[in-house]
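Below is final_17.pdb, holding PDB, C-alpha atoms.
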ATOM      1  CA  MET A   1     120.891  54.876 126.282
ATOM      2  CA  ASN A   2     118.585  57.190 128.147
ATOM      3  CA  VAL A   3     114.858  56.831 128.412
ATOM      4  CA  VAL A   4     114.040  59.745 126.086
ATOM      5  CA  PHE A   5     116.006  58.212 123.250
ATOM      6  CA  LEU A   6     114.396  54.809 123.828
ATOM      7  CA  TYR A   7     110.898  56.179 123.450
ATOM      8  CA  SER A   8     111.925  58.365 120.538
ATOM      9  CA  ALA A   9     113.475  55.373 118.802
ATOM     10  CA  LEU A  10     110.256  53.428 119.327
ATOM     11  CA  GLY A  11     108.351  56.352 117.839
ATOM     12  CA  ILE A  12     110.647  56.339 114.836
ATOM     13  CA  ALA A  13     110.164  52.587 114.443
ATOM     14  CA  LEU A  14     106.394  53.015 114.495
ATOM     15  CA  PHE A  15     106.641  55.795 111.939
ATOM     16  CA  ALA A  16     108.857  53.757 109.618
ATOM     17  CA  MET A  17     106.708  50.642 109.855
ATOM     18  CA  GLY A  18     103.577  52.670 109.236
ATOM     19  CA  LEU A  19     105.156  54.357 106.246
ATOM     20  CA  TYR A  20     106.175  50.988 104.789
ATOM     21  CA  ALA A  21     102.677  49.596 105.211
ATOM     22  CA  LEU A  22     101.122  52.740 103.773
ATOM     23  CA  ILE A  23     103.098  52.431 100.548
ATOM     24  CA  VAL A  24     103.158  48.677 100.146
ATOM     25  CA  TYR A  25      99.628  47.487 100.840
ATOM     26  CA  ALA A  26      96.777  48.037  98.438
ATOM     27  CA  HIS A  27      93.779  47.636 100.725
ATOM     28  CA  LEU A  28      92.476  51.044 101.782
ATOM     29  CA  LEU A  29      91.741  49.972 105.333
ATOM     30  CA  ARG A  30      95.345  48.893 105.783
ATOM     31  CA  LYS A  31      96.512  52.253 104.502
ATOM     32  CA  ILE A  32      94.268  54.083 106.945
ATOM     33  CA  LEU A  33      95.525  51.937 109.813
ATOM     34  CA  ALA A  34      99.105  52.546 108.677
ATOM     35  CA  LEU A  35      98.495  56.303 108.828
ATOM     36  CA  ASN A  36      97.228  55.904 112.365
ATOM     37  CA  VAL A  37     100.329  53.964 113.345
ATOM     38  CA  MET A  38     102.510  56.700 111.832
ATOM     39  CA  SER A  39     100.678  59.346 113.798
ATOM     40  CA  SER A  40     101.121  57.324 116.986
ATOM     41  CA  GLY A  41     104.851  57.255 116.301
ATOM     42  CA  VAL A  42     104.969  61.009 115.840
ATOM     43  CA  PHE A  43     103.023  61.610 119.045
ATOM     44  CA  LEU A  44     105.371  59.311 120.930
ATOM     45  CA  ILE A  45     108.393  61.271 119.702
ATOM     46  CA  LEU A  46     106.764  64.572 120.668
ATOM     47  CA  ILE A  47     105.957  63.378 124.165
ATOM     48  CA  ALA A  48     109.350  61.747 124.687
ATOM     49  CA  THR A  49     111.281  64.851 123.699
ATOM     50  CA  ALA A  50     109.042  66.974 125.918
ATOM     51  CA  PHE A  51     110.450  65.121 128.915
ATOM     52  CA  ARG A  52     113.902  66.584 128.344
ATOM     53  CA  ALA A  53     112.838  69.746 130.149
ATOM     54  CA  PRO A  54     114.248  69.983 133.674
ATOM     55  CA  GLY A  55     111.548  69.785 136.315
ATOM     56  CA  ARG A  56     108.074  69.418 134.888
ATOM     57  CA  PRO A  57     107.806  68.304 131.263
ATOM     58  CA  ASP A  58     107.203  70.868 128.574
ATOM     59  CA  PRO A  59     103.420  71.331 128.248
ATOM     60  CA  VAL A  60     103.356  72.747 124.725
ATOM     61  CA  PRO A  61     104.137  69.449 122.908
ATOM     62  CA  HIS A  62     101.544  67.773 125.124
ATOM     63  CA  ALA A  63      98.941  70.243 123.920
ATOM     64  CA  MET A  64     100.082  69.689 120.341
ATOM     65  CA  VAL A  65      99.663  65.936 120.723
ATOM     66  CA  LEU A  66      96.158  66.363 122.165
ATOM     67  CA  THR A  67      95.232  68.491 119.179
ATOM     68  CA  GLY A  68      96.929  65.996 116.881
ATOM     69  CA  ILE A  69      94.992  63.054 118.287
ATOM     70  CA  VAL A  70      91.685  64.799 117.685
ATOM     71  CA  VAL A  71      92.653  65.793 114.155
ATOM     72  CA  ALA A  72      93.865  62.242 113.470
ATOM     73  CA  VAL A  73      90.547  60.831 114.660
ATOM     74  CA  SER A  74      88.628  63.231 112.421
ATOM     75  CA  ALA A  75      90.813  62.474 109.427
ATOM     76  CA  THR A  76      90.503  58.722 110.027
ATOM     77  CA  ALA A  77      86.732  58.987 110.229
ATOM     78  CA  LEU A  78      86.549  60.929 106.979
ATOM     79  CA  ALA A  79      88.993  58.526 105.310
ATOM     80  CA  LEU A  80      86.888  55.556 106.416
ATOM     81  CA  ALA A  81      83.762  57.222 105.045
ATOM     82  CA  LEU A  82      85.538  57.789 101.737
ATOM     83  CA  ALA A  83      86.827  54.208 101.645
ATOM     84  CA  ALA A  84      83.351  52.852 102.372
ATOM     85  CA  ARG A  85      81.878  55.007  99.631
ATOM     86  CA  LEU A  86      84.587  53.936  97.191
ATOM     87  CA  ARG A  87      83.911  50.300  97.937
ATOM     88  CA  ALA A  88      80.182  50.801  97.516
ATOM     89  CA  ALA A  89      80.726  52.580  94.225
ATOM     90  CA  THR A  90      83.398  50.390  92.639
ATOM     91  CA  GLY A  91      83.056  47.091  94.470
ATOM     92  CA  ASN A  92      86.672  46.746  95.510
ATOM     93  CA  PRO A  93      88.381  48.182  98.572
ATOM     94  CA  HIS A  94      91.483  49.481  96.876
ATOM     95  CA  LEU A  95      92.324  52.223  94.439
ATOM     96  CA  SER A  96      92.812  51.131  90.858
ATOM     97  CA  ASP A  97      95.175  52.774  88.437
ATOM     98  CA  ALA A  98      92.805  52.963  85.512
ATOM     99  CA  ASP A  99      89.052  53.067  85.449
ATOM    100  CA  THR A 100      88.686  50.627  82.608
ATOM    101  CA  ALA A 101      91.863  48.514  82.684
ATOM    102  CA  GLN A 102      91.414  44.890  83.710
ATOM    103  CA  ARG A 103      93.674  43.549  86.428
ATOM    104  CA  GLU A 104      96.015  40.770  85.307
TER     105      GLU A 104
ATOM    106  CA  MET B   1      84.729  40.345  93.499
ATOM    107  CA  THR B   2      88.277  39.778  92.356
ATOM    108  CA  ASP B   3      91.467  39.582  94.406
ATOM    109  CA  THR B   4      90.423  41.901  97.199
ATOM    110  CA  SER B   5      92.527  40.102  99.739
ATOM    111  CA  ALA B   6      93.908  42.231 102.491
ATOM    112  CA  THR B   7      97.436  41.065 101.745
ATOM    113  CA  GLN B   8      97.612  42.370  98.205
ATOM    114  CA  THR B   9     100.773  44.401  97.837
ATOM    115  CA  ILE B  10     102.943  46.116  95.262
ATOM    116  CA  PRO B  11     105.385  43.802  93.418
ATOM    117  CA  ARG B  12     108.293  42.292  95.324
ATOM    118  CA  PRO B  13     111.182  44.416  93.940
ATOM    119  CA  ALA B  14     109.248  47.559  94.799
ATOM    120  CA  ARG B  15     108.605  46.183  98.282
ATOM    121  CA  LEU B  16     112.312  45.629  98.830
ATOM    122  CA  LEU B  17     113.115  49.124  97.625
ATOM    123  CA  VAL B  18     110.487  50.688  99.868
ATOM    124  CA  GLY B  19     111.700  48.635 102.816
ATOM    125  CA  LEU B  20     115.265  49.766 102.223
ATOM    126  CA  LEU B  21     114.258  53.415 101.909
ATOM    127  CA  THR B  22     112.164  53.374 105.064
ATOM    128  CA  LEU B  23     115.045  51.729 106.922
ATOM    129  CA  LEU B  24     117.325  54.516 105.712
ATOM    130  CA  LEU B  25     114.769  57.111 106.786
ATOM    131  CA  ALA B  26     114.474  55.510 110.208
ATOM    132  CA  ALA B  27     118.249  55.459 110.551
ATOM    133  CA  ALA B  28     118.511  59.129 109.592
ATOM    134  CA  LEU B  29     115.778  60.093 112.065
ATOM    135  CA  GLY B  30     117.438  57.986 114.752
ATOM    136  CA  TRP B  31     120.763  59.671 114.110
ATOM    137  CA  ALA B  32     119.104  63.088 114.345
ATOM    138  CA  LEU B  33     117.334  62.228 117.581
ATOM    139  CA  TRP B  34     120.465  60.697 119.062
ATOM    140  CA  HIS B  35     122.208  64.024 118.677
ATOM    141  CA  LEU B  36     119.486  66.040 120.383
ATOM    142  CA  PRO B  37     120.716  67.700 123.568
ATOM    143  CA  GLY B  38     119.884  65.734 126.680
ATOM    144  CA  THR B  39     118.054  68.561 128.353
ATOM    145  CA  ALA B  40     116.127  71.218 126.524
ATOM    146  CA  VAL B  41     114.223  73.934 128.248
ATOM    147  CA  GLY B  42     111.577  74.293 125.595
ATOM    148  CA  LEU B  43     108.667  76.562 126.414
ATOM    149  CA  ALA B  44     108.091  75.286 129.946
ATOM    150  CA  PRO B  45     109.524  78.397 131.687
ATOM    151  CA  GLU B  46     107.357  80.757 129.637
ATOM    152  CA  VAL B  47     104.268  78.734 130.447
ATOM    153  CA  SER B  48     105.132  78.541 134.144
ATOM    154  CA  ALA B  49     105.736  82.266 134.296
ATOM    155  CA  ARG B  50     102.278  83.138 132.958
ATOM    156  CA  LEU B  51     100.345  80.210 134.391
ATOM    157  CA  ALA B  52      98.935  82.285 137.245
ATOM    158  CA  ASP B  53      97.323  84.677 134.762
ATOM    159  CA  SER B  54      95.847  81.965 132.578
ATOM    160  CA  GLY B  55      92.848  81.177 134.769
ATOM    161  CA  VAL B  56      93.655  77.489 135.260
ATOM    162  CA  ARG B  57      96.335  75.622 137.178
ATOM    163  CA  ASN B  58      97.034  72.782 134.749
ATOM    164  CA  PRO B  59      99.718  73.942 132.277
ATOM    165  CA  VAL B  60      98.461  71.786 129.397
ATOM    166  CA  THR B  61      94.942  73.173 129.732
ATOM    167  CA  ALA B  62      96.366  76.674 129.920
ATOM    168  CA  VAL B  63      98.255  76.105 126.679
ATOM    169  CA  LEU B  64      95.272  74.508 124.968
ATOM    170  CA  LEU B  65      92.576  76.949 125.978
ATOM    171  CA  ASN B  66      94.411  80.176 126.635
ATOM    172  CA  PHE B  67      97.884  80.522 125.140
ATOM    173  CA  ARG B  68      97.093  78.479 122.026
ATOM    174  CA  GLY B  69      93.321  78.783 122.130
ATOM    175  CA  TYR B  70      93.236  79.618 118.443
ATOM    176  CA  ASP B  71      94.521  76.133 117.596
ATOM    177  CA  THR B  72      91.780  74.550 119.701
ATOM    178  CA  TRP B  73      89.212  76.710 117.958
ATOM    179  CA  LEU B  74      90.350  75.469 114.576
ATOM    180  CA  GLU B  75      90.435  71.924 115.915
ATOM    181  CA  LEU B  76      86.724  72.143 116.676
ATOM    182  CA  ALA B  77      86.234  73.324 113.111
ATOM    183  CA  VAL B  78      88.169  70.289 111.860
ATOM    184  CA  LEU B  79      85.841  67.997 113.802
ATOM    185  CA  LEU B  80      82.817  69.689 112.258
ATOM    186  CA  LEU B  81      84.354  69.411 108.802
ATOM    187  CA  ALA B  82      84.850  65.672 109.270
ATOM    188  CA  VAL B  83      81.170  65.267 110.130
ATOM    189  CA  LEU B  84      80.126  67.371 107.158
ATOM    190  CA  GLY B  85      82.376  65.317 104.906
ATOM    191  CA  SER B  86      80.972  62.018 106.114
ATOM    192  CA  TRP B  87      77.457  63.438 105.782
ATOM    193  CA  THR B  88      77.971  64.240 102.113
ATOM    194  CA  LEU B  89      79.018  60.671 101.425
ATOM    195  CA  ALA B  90      76.317  58.441 102.856
ATOM    196  CA  HIS B  91      73.056  58.120 104.694
ATOM    197  CA  THR B  92      72.823  56.702 108.178
ATOM    198  CA  THR B  93      70.968  53.643 107.029
ATOM    199  CA  ASP B  94      73.597  52.864 104.394
ATOM    200  CA  VAL B  95      76.612  52.652 106.650
ATOM    201  CA  GLY B  96      75.546  52.876 110.265
ATOM    202  CA  PRO B  97      74.768  49.980 112.593
ATOM    203  CA  VAL B  98      71.513  48.330 111.588
ATOM    204  CA  GLU B  99      70.860  45.467 113.962
ATOM    205  CA  PRO B 100      71.202  45.921 117.686
ATOM    206  CA  VAL B 101      73.749  43.714 119.374
ATOM    207  CA  PRO B 102      71.849  40.539 120.273
ATOM    208  CA  GLY B 103      71.444  39.422 123.837
ATOM    209  CA  LEU B 104      70.596  40.947 127.164
ATOM    210  CA  LEU B 105      74.050  41.723 128.415
ATOM    211  CA  LEU B 106      74.560  45.012 126.613
ATOM    212  CA  SER B 107      71.247  46.552 127.686
ATOM    213  CA  ALA B 108      71.761  45.467 131.251
ATOM    214  CA  LEU B 109      75.293  46.812 131.269
ATOM    215  CA  LEU B 110      74.219  50.110 129.729
ATOM    216  CA  ARG B 111      71.704  50.753 132.475
ATOM    217  CA  LEU B 112      74.614  50.723 134.883
ATOM    218  CA  LEU B 113      77.264  52.249 132.658
ATOM    219  CA  LEU B 114      75.594  55.224 131.016
ATOM    220  CA  PRO B 115      74.933  57.324 134.128
ATOM    221  CA  LEU B 116      78.434  56.516 135.301
ATOM    222  CA  MET B 117      79.941  57.593 131.991
ATOM    223  CA  VAL B 118      78.088  60.886 132.077
ATOM    224  CA  LEU B 119      79.372  61.404 135.599
ATOM    225  CA  VAL B 120      82.940  60.596 134.589
ATOM    226  CA  ALA B 121      82.685  62.976 131.648
ATOM    227  CA  GLY B 122      81.491  65.748 133.910
ATOM    228  CA  TYR B 123      84.309  65.051 136.341
ATOM    229  CA  LEU B 124      86.932  65.079 133.592
ATOM    230  CA  LEU B 125      85.587  68.374 132.312
ATOM    231  CA  TRP B 126      85.707  69.972 135.732
ATOM    232  CA  ILE B 127      89.069  68.626 136.821
ATOM    233  CA  GLY B 128      90.723  69.816 133.607
ATOM    234  CA  ALA B 129      91.488  73.122 135.276
ATOM    235  CA  THR B 130      93.823  71.575 137.830
ATOM    236  CA  ALA B 131      94.753  68.083 136.604
ATOM    237  CA  PRO B 132      94.911  66.232 133.271
ATOM    238  CA  GLY B 133      91.458  66.415 131.796
ATOM    239  CA  GLY B 134      89.331  68.880 129.913
ATOM    240  CA  ALA B 135      86.971  69.088 126.999
ATOM    241  CA  PHE B 136      88.477  66.481 124.682
ATOM    242  CA  GLN B 137      88.865  63.815 127.299
ATOM    243  CA  ALA B 138      85.333  64.339 128.590
ATOM    244  CA  GLY B 139      83.983  64.469 125.050
ATOM    245  CA  SER B 140      85.635  61.144 124.262
ATOM    246  CA  VAL B 141      83.915  59.486 127.213
ATOM    247  CA  LEU B 142      80.588  60.911 126.054
ATOM    248  CA  ALA B 143      81.301  59.626 122.562
ATOM    249  CA  ALA B 144      82.002  56.163 123.940
ATOM    250  CA  ALA B 145      78.635  56.337 125.687
ATOM    251  CA  GLY B 146      77.056  57.374 122.403
ATOM    252  CA  VAL B 147      78.664  54.474 120.571
ATOM    253  CA  LEU B 148      77.382  52.016 123.193
ATOM    254  CA  ILE B 149      73.894  53.481 122.874
ATOM    255  CA  LEU B 150      74.028  53.020 119.120
ATOM    256  CA  LEU B 151      75.185  49.434 119.452
ATOM    257  CA  ALA B 152      72.180  48.642 121.621
ATOM    258  CA  TRP B 153      69.690  50.884 119.812
ATOM    259  CA  PRO B 154      70.739  51.693 116.249
ATOM    260  CA  ALA B 155      67.547  53.588 115.527
ATOM    261  CA  ALA B 156      68.743  56.330 117.838
ATOM    262  CA  ALA B 157      70.781  57.716 114.947
ATOM    263  CA  GLU B 158      67.569  58.619 113.159
ATOM    264  CA  ARG B 159      65.522  59.552 116.205
ATOM    265  CA  LEU B 160      67.494  62.494 117.500
ATOM    266  CA  PRO B 161      65.605  65.667 116.559
ATOM    267  CA  ASP B 162      67.222  67.525 113.716
ATOM    268  CA  SER B 163      67.606  70.806 115.588
ATOM    269  CA  LEU B 164      69.253  69.093 118.543
ATOM    270  CA  LEU B 165      71.651  67.207 116.315
ATOM    271  CA  ARG B 166      72.796  70.159 114.248
ATOM    272  CA  GLY B 167      72.756  72.520 117.203
ATOM    273  CA  GLY B 168      74.815  70.136 119.269
ATOM    274  CA  LEU B 169      77.340  69.543 116.513
ATOM    275  CA  SER B 170      78.011  73.235 116.077
ATOM    276  CA  LEU B 171      77.732  74.185 119.747
ATOM    277  CA  GLY B 172      81.460  73.926 120.461
ATOM    278  CA  LEU B 173      82.529  76.038 117.518
ATOM    279  CA  ALA B 174      79.734  78.537 118.114
ATOM    280  CA  GLY B 175      80.622  78.845 121.789
ATOM    281  CA  PHE B 176      84.221  79.530 120.923
ATOM    282  CA  PHE B 177      83.088  82.084 118.351
ATOM    283  CA  ALA B 178      80.928  83.833 120.916
ATOM    284  CA  VAL B 179      83.743  84.021 123.453
ATOM    285  CA  ALA B 180      86.216  85.184 120.825
ATOM    286  CA  LEU B 181      83.988  87.925 119.501
ATOM    287  CA  GLY B 182      82.981  88.965 122.992
ATOM    288  CA  SER B 183      86.569  89.255 124.102
ATOM    289  CA  LEU B 184      87.408  91.098 120.893
ATOM    290  CA  ALA B 185      84.687  93.618 121.635
ATOM    291  CA  ARG B 186      85.758  93.926 125.239
ATOM    292  CA  THR B 187      89.536  94.091 125.002
ATOM    293  CA  GLY B 188      90.239  94.863 121.360
ATOM    294  CA  TYR B 189      92.251  91.669 120.759
ATOM    295  CA  LEU B 190      90.914  88.373 119.444
ATOM    296  CA  LEU B 191      90.760  85.714 122.169
ATOM    297  CA  GLN B 192      92.227  88.072 124.765
ATOM    298  CA  TYR B 193      90.141  87.101 127.766
ATOM    299  CA  PRO B 194      89.158  90.075 129.968
ATOM    300  CA  THR B 195      91.074  90.253 133.242
ATOM    301  CA  GLY B 196      89.746  87.861 135.848
ATOM    302  CA  TRP B 197      87.371  86.173 133.424
ATOM    303  CA  ALA B 198      89.784  83.656 131.938
ATOM    304  CA  GLY B 199      88.884  80.761 134.220
ATOM    305  CA  ARG B 200      85.152  81.136 133.736
ATOM    306  CA  LEU B 201      85.391  81.611 129.982
ATOM    307  CA  ILE B 202      87.634  78.569 129.662
ATOM    308  CA  LEU B 203      85.101  76.458 131.555
ATOM    309  CA  LEU B 204      82.304  77.807 129.382
ATOM    310  CA  ILE B 205      84.158  76.990 126.188
ATOM    311  CA  GLU B 206      85.095  73.550 127.445
ATOM    312  CA  ALA B 207      81.527  72.715 128.514
ATOM    313  CA  ALA B 208      80.143  73.597 125.089
ATOM    314  CA  ALA B 209      83.009  71.781 123.421
ATOM    315  CA  THR B 210      82.480  68.620 125.504
ATOM    316  CA  LEU B 211      78.892  68.206 124.337
ATOM    317  CA  SER B 212      79.896  69.030 120.807
ATOM    318  CA  ILE B 213      82.833  66.632 120.712
ATOM    319  CA  GLY B 214      80.767  63.773 122.148
ATOM    320  CA  LEU B 215      78.041  64.285 119.577
ATOM    321  CA  THR B 216      80.547  64.762 116.734
ATOM    322  CA  LEU B 217      82.490  61.589 117.449
ATOM    323  CA  THR B 218      79.246  59.624 117.764
ATOM    324  CA  ALA B 219      78.051  61.078 114.450
ATOM    325  CA  LEU B 220      81.370  60.088 112.906
ATOM    326  CA  PHE B 221      80.835  56.551 114.201
ATOM    327  CA  VAL B 222      77.422  56.461 112.527
ATOM    328  CA  GLY B 223      79.082  57.656 109.347
ATOM    329  CA  GLY B 224      76.159  59.143 107.466
ATOM    330  CA  ARG B 225      73.524  61.818 107.585
ATOM    331  CA  PRO B 226      70.108  60.976 108.977
ATOM    332  CA  ARG B 227      67.717  60.299 106.160
ATOM    333  CA  ARG B 228      64.965  61.898 108.111
ATOM    334  CA  THR B 229      66.481  65.371 107.819
ATOM    335  CA  GLU B 230      66.241  65.416 104.056
ATOM    336  CA  ARG B 231      63.464  67.283 102.447
ATOM    337  CA  GLU B 232      61.487  65.699  99.668
ATOM    338  CA  SER B 233      61.340  67.492  96.368
ATOM    339  CA  SER B 234      60.275  71.031  97.020
ATOM    340  CA  PRO B 235      56.531  71.563  97.159
TER     341      PRO B 235
END

Let's see the structure in the file written out as structure tokens.
Amino acid sequence: MNVVFLYSALGIALFAMGLYALIVYAHLLRKILALNVMSSGVFLILIATAFRAPGRPDPVPHAMVLTGIVVAVSATALALALAARLRAATGNPHLSDADTAQRE
Amino acid sequence: MTDTSATQTIPRPARLLVGLLTLLLAAALGWALWHLPGTAVGLAPEVSARLADSGVRNPVTAVLLNFRGYDTWLELAVLLLAVLGSWTLAHTTDVGPVEPVPGLLLSALLRLLLPLMVLVAGYLLWIGATAPGGAFQAGSVLAAAGVLILLAWPAAAERLPDSLLRGGLSLGLAGFFAVALGSLARTGYLLQYPTGWAGRLILLIEAAATLSIGLTLTALFVGGRPRRTERESSP
């Protein structure tokens, strides 16, 4: 097993675990953290596959990851602001299916 | 407040199904990545061939600020959009830090750290032309300095003059706009830097972007718009 596949497999594992947590957990903060873990997995795969180039690694995926990190930070910040506002407005930190239905 | 525990999940059968599906997805992705060729040239030769014309010596910076400068331009817009979004949602005093961190350690540490962080940010900005570094890295260090300032002095979020705050937030995007329009006027193509000017224009863009990114990330940490900038009901 070569090094590129090891790091790519780790990236896939991060992505899968993040996806599971995103779907399964109800708390908004956990979902936001899960999205961040997924994005870390994707960045890891991008960087790992960039090292397949002979000589110096391919710089274009590196630039894409830098852009991706900044966009992920911005999206996380906006998501946190939305989650905080939702909690302030409704009193609970998760989305509910119906506005008026009582939880069992 | 009802069952707001952080471990609340969907029902167990659904959890098992989701777990199975994500395992299948991971297996499919792993199979696809296993069959990737061991060496792939990618775009490295193209970048190396034109690196001498790009104005910088670091290939990643050349890609970010020259070959794919348009993406970086839009990225600065995304940062500004995030700030605008968080500003529409809350005021500073509703979500931002309220009490300074108690104790003497933080203030004492900041007196040593803040000048050093500004210096490191400046170094990262400058060295981005030849080594890993550049606007985003330097801006992150400035943002960390901003966050530390806010932890020690939360009122700073409201004290920054309105013109400085808004001007600083839009400085990166505006700088990029100016360079883009200038190069459009000069060469007829958007973001086509005039010959010999690429290095200087890249540094100019990155300097404006560094300040902007630092201020933007700090504003995102605060999470709300300063109450002071609101006008009362119109006179």

Considering only C-alpha atoms, extract the chain A residues located within 6 Å of chain B and return them as a short mmCIF file (atom, residue, chain, number, x, y, z; two decimals) with C-alpha atoms, in the frame of the given file.
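Here's the written file part.cif:
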data_model
loop_
_atom_site.label_atom_id
_atom_site.label_comp_id
_atom_site.auth_asym_id
_atom_site.auth_seq_id
_atom_site.Cartn_x
_atom_site.Cartn_y
_atom_site.Cartn_z
CA ALA A 16 108.86 53.76 109.62
CA VAL A 24 103.16 48.68 100.15
CA TYR A 25 99.63 47.49 100.84
CA ALA A 26 96.78 48.04 98.44
CA HIS A 27 93.78 47.64 100.72
CA ARG A 52 113.90 66.58 128.34
CA ALA A 53 112.84 69.75 130.15
CA ASP A 58 107.20 70.87 128.57
CA PRO A 59 103.42 71.33 128.25
CA ALA A 63 98.94 70.24 123.92
CA SER A 74 88.63 63.23 112.42
CA LEU A 78 86.55 60.93 106.98
CA ALA A 81 83.76 57.22 105.04
#

Next item on the list: In the coordinate frame of the file, compute which residues have an atom within 10 Å of (78.5, 63.5, 132.5) when using all atoms listed in the file, and state them as an NGL selection string.
Entry: :B and (114-125 or 138-139 or 141-142 or 145 or 210-211)

Next item on the list: Starting from the shown file, work through the PyMOL selection byres ((chain B and resi 188-190) around 12) and note down what comes out as an MDAnalysis selection string.
Entry: chainID B and resid 66:70 73 176:187 191:194

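CA of Leu110 (chain B) sits 28.2 Å away from CA of Ala72 (chain A).
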
Next item on the list: Let me know the residues the PyMOL selection byres ((chain A and resi 93) around 8) catches in the file above, as a PyMOL selection string.
Entry: (chain A and resi 27-29+83-84+86-87+91-92+94-95) or (chain B and resi 4)

Notebook entry, point to check: Care to translate the PyMOL selection byres ((chain B and resi 152-164) around 8) into actual residues of this file, as number ranges by chain?
Noted result: B: 92, 96-101, 106-107, 148-151, 165-168, 222, 226-229

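Closest approach to Leu44 (chain A) among A:Ala77, A:Leu22, A:Met64, A:Val71 is made by A:Met64 (distances from all atoms listed in the file).
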
Would you kindly identify which residues have an atom no farther than 10 Å from (109.6, 61.9, 119.0), using all atoms listed in the file and the file's own coordinates, and write them out as a CSV table (one decimal) with C-alpha atoms, in the coordinates of the input?
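Result written to point-v6.csv:
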chain,number,residue,atom,x,y,z
A,4,VAL,CA,114.0,59.7,126.1
A,5,PHE,CA,116.0,58.2,123.2
A,6,LEU,CA,114.4,54.8,123.8
A,7,TYR,CA,110.9,56.2,123.4
A,8,SER,CA,111.9,58.4,120.5
A,9,ALA,CA,113.5,55.4,118.8
A,10,LEU,CA,110.3,53.4,119.3
A,11,GLY,CA,108.4,56.4,117.8
A,12,ILE,CA,110.6,56.3,114.8
A,15,PHE,CA,106.6,55.8,111.9
A,40,SER,CA,101.1,57.3,117.0
A,41,GLY,CA,104.9,57.3,116.3
A,42,VAL,CA,105.0,61.0,115.8
A,43,PHE,CA,103.0,61.6,119.0
A,44,LEU,CA,105.4,59.3,120.9
A,45,ILE,CA,108.4,61.3,119.7
A,46,LEU,CA,106.8,64.6,120.7
A,47,ILE,CA,106.0,63.4,124.2
A,48,ALA,CA,109.4,61.7,124.7
A,49,THR,CA,111.3,64.9,123.7
A,50,ALA,CA,109.0,67.0,125.9
B,29,LEU,CA,115.8,60.1,112.1
B,30,GLY,CA,117.4,58.0,114.8
B,33,LEU,CA,117.3,62.2,117.6

Once 3 Å is added on each side, what centre and edge lengths in Å to one decimal does the axis-aligned box around all listed atoms of region 122-127 of chain B have, as lines of an AutoDock Vina configuration file?
center_x = 85.3
center_y = 67.5
center_z = 134.6
size_x = 13.6
size_y = 10.9
size_z = 10.5

Note to self: One decimal, in Å: what's the spacing between CA of Asn36 (chain A) and CA of Pro57 (chain A)?
What the structure shows: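 These two atoms are separated by 25.0 Å.
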
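Nearest residue to Thr67 (chain A), choosing from A:Asn2, A:Ala13, A:Lys31, A:Ser39 and counting all atoms listed in the file: A:Ser39.
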
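CA of Ala34 (chain A) is found 23.4 Å from CA of Ala89 (chain A).
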
Save region 8-16 of chain B to a file: N, CA, C and O atoms, as a PDB file, in the first residue's frame.
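Produced file selection.pdb, reproduced below:
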ATOM      1  N   GLN B   8     -28.744  13.357  21.050  1.00  0.00           N
ATOM      2  CA  GLN B   8     -30.012  12.986  20.426  1.00  0.00           C
ATOM      3  C   GLN B   8     -29.791  12.631  18.970  1.00  0.00           C
ATOM      4  O   GLN B   8     -29.143  13.366  18.230  1.00  0.00           O
ATOM      5  N   THR B   9     -30.336  11.485  18.567  1.00  0.00           N
ATOM      6  CA  THR B   9     -30.102  11.017  17.206  1.00  0.00           C
ATOM      7  C   THR B   9     -31.414  10.621  16.563  1.00  0.00           C
ATOM      8  O   THR B   9     -32.467  10.656  17.176  1.00  0.00           O
ATOM      9  N   ILE B  10     -31.316  10.202  15.292  1.00  0.00           N
ATOM     10  CA  ILE B  10     -32.478   9.611  14.626  1.00  0.00           C
ATOM     11  C   ILE B  10     -32.667   8.193  15.185  1.00  0.00           C
ATOM     12  O   ILE B  10     -31.762   7.659  15.820  1.00  0.00           O
ATOM     13  N   PRO B  11     -33.819   7.575  14.985  1.00  0.00           N
ATOM     14  CA  PRO B  11     -34.080   6.256  15.573  1.00  0.00           C
ATOM     15  C   PRO B  11     -33.090   5.194  15.106  1.00  0.00           C
ATOM     16  O   PRO B  11     -32.453   5.326  14.061  1.00  0.00           O
ATOM     17  N   ARG B  12     -32.965   4.140  15.919  1.00  0.00           N
ATOM     18  CA  ARG B  12     -31.909   3.152  15.726  1.00  0.00           C
ATOM     19  C   ARG B  12     -31.920   2.460  14.364  1.00  0.00           C
ATOM     20  O   ARG B  12     -30.860   2.317  13.749  1.00  0.00           O
ATOM     21  N   PRO B  13     -33.083   2.027  13.835  1.00  0.00           N
ATOM     22  CA  PRO B  13     -33.036   1.382  12.506  1.00  0.00           C
ATOM     23  C   PRO B  13     -32.490   2.325  11.439  1.00  0.00           C
ATOM     24  O   PRO B  13     -31.718   1.917  10.565  1.00  0.00           O
ATOM     25  N   ALA B  14     -32.894   3.600  11.525  1.00  0.00           N
ATOM     26  CA  ALA B  14     -32.373   4.563  10.557  1.00  0.00           C
ATOM     27  C   ALA B  14     -30.876   4.728  10.726  1.00  0.00           C
ATOM     28  O   ALA B  14     -30.133   4.867   9.748  1.00  0.00           O
ATOM     29  N   ARG B  15     -30.401   4.699  11.971  1.00  0.00           N
ATOM     30  CA  ARG B  15     -28.955   4.829  12.197  1.00  0.00           C
ATOM     31  C   ARG B  15     -28.208   3.687  11.540  1.00  0.00           C
ATOM     32  O   ARG B  15     -27.160   3.878  10.915  1.00  0.00           O
ATOM     33  N   LEU B  16     -28.753   2.464  11.687  1.00  0.00           N
ATOM     34  CA  LEU B  16     -28.069   1.315  11.093  1.00  0.00           C
ATOM     35  C   LEU B  16     -28.032   1.438   9.583  1.00  0.00           C
ATOM     36  O   LEU B  16     -27.016   1.155   8.935  1.00  0.00           O
TER      37      LEU B  16
END
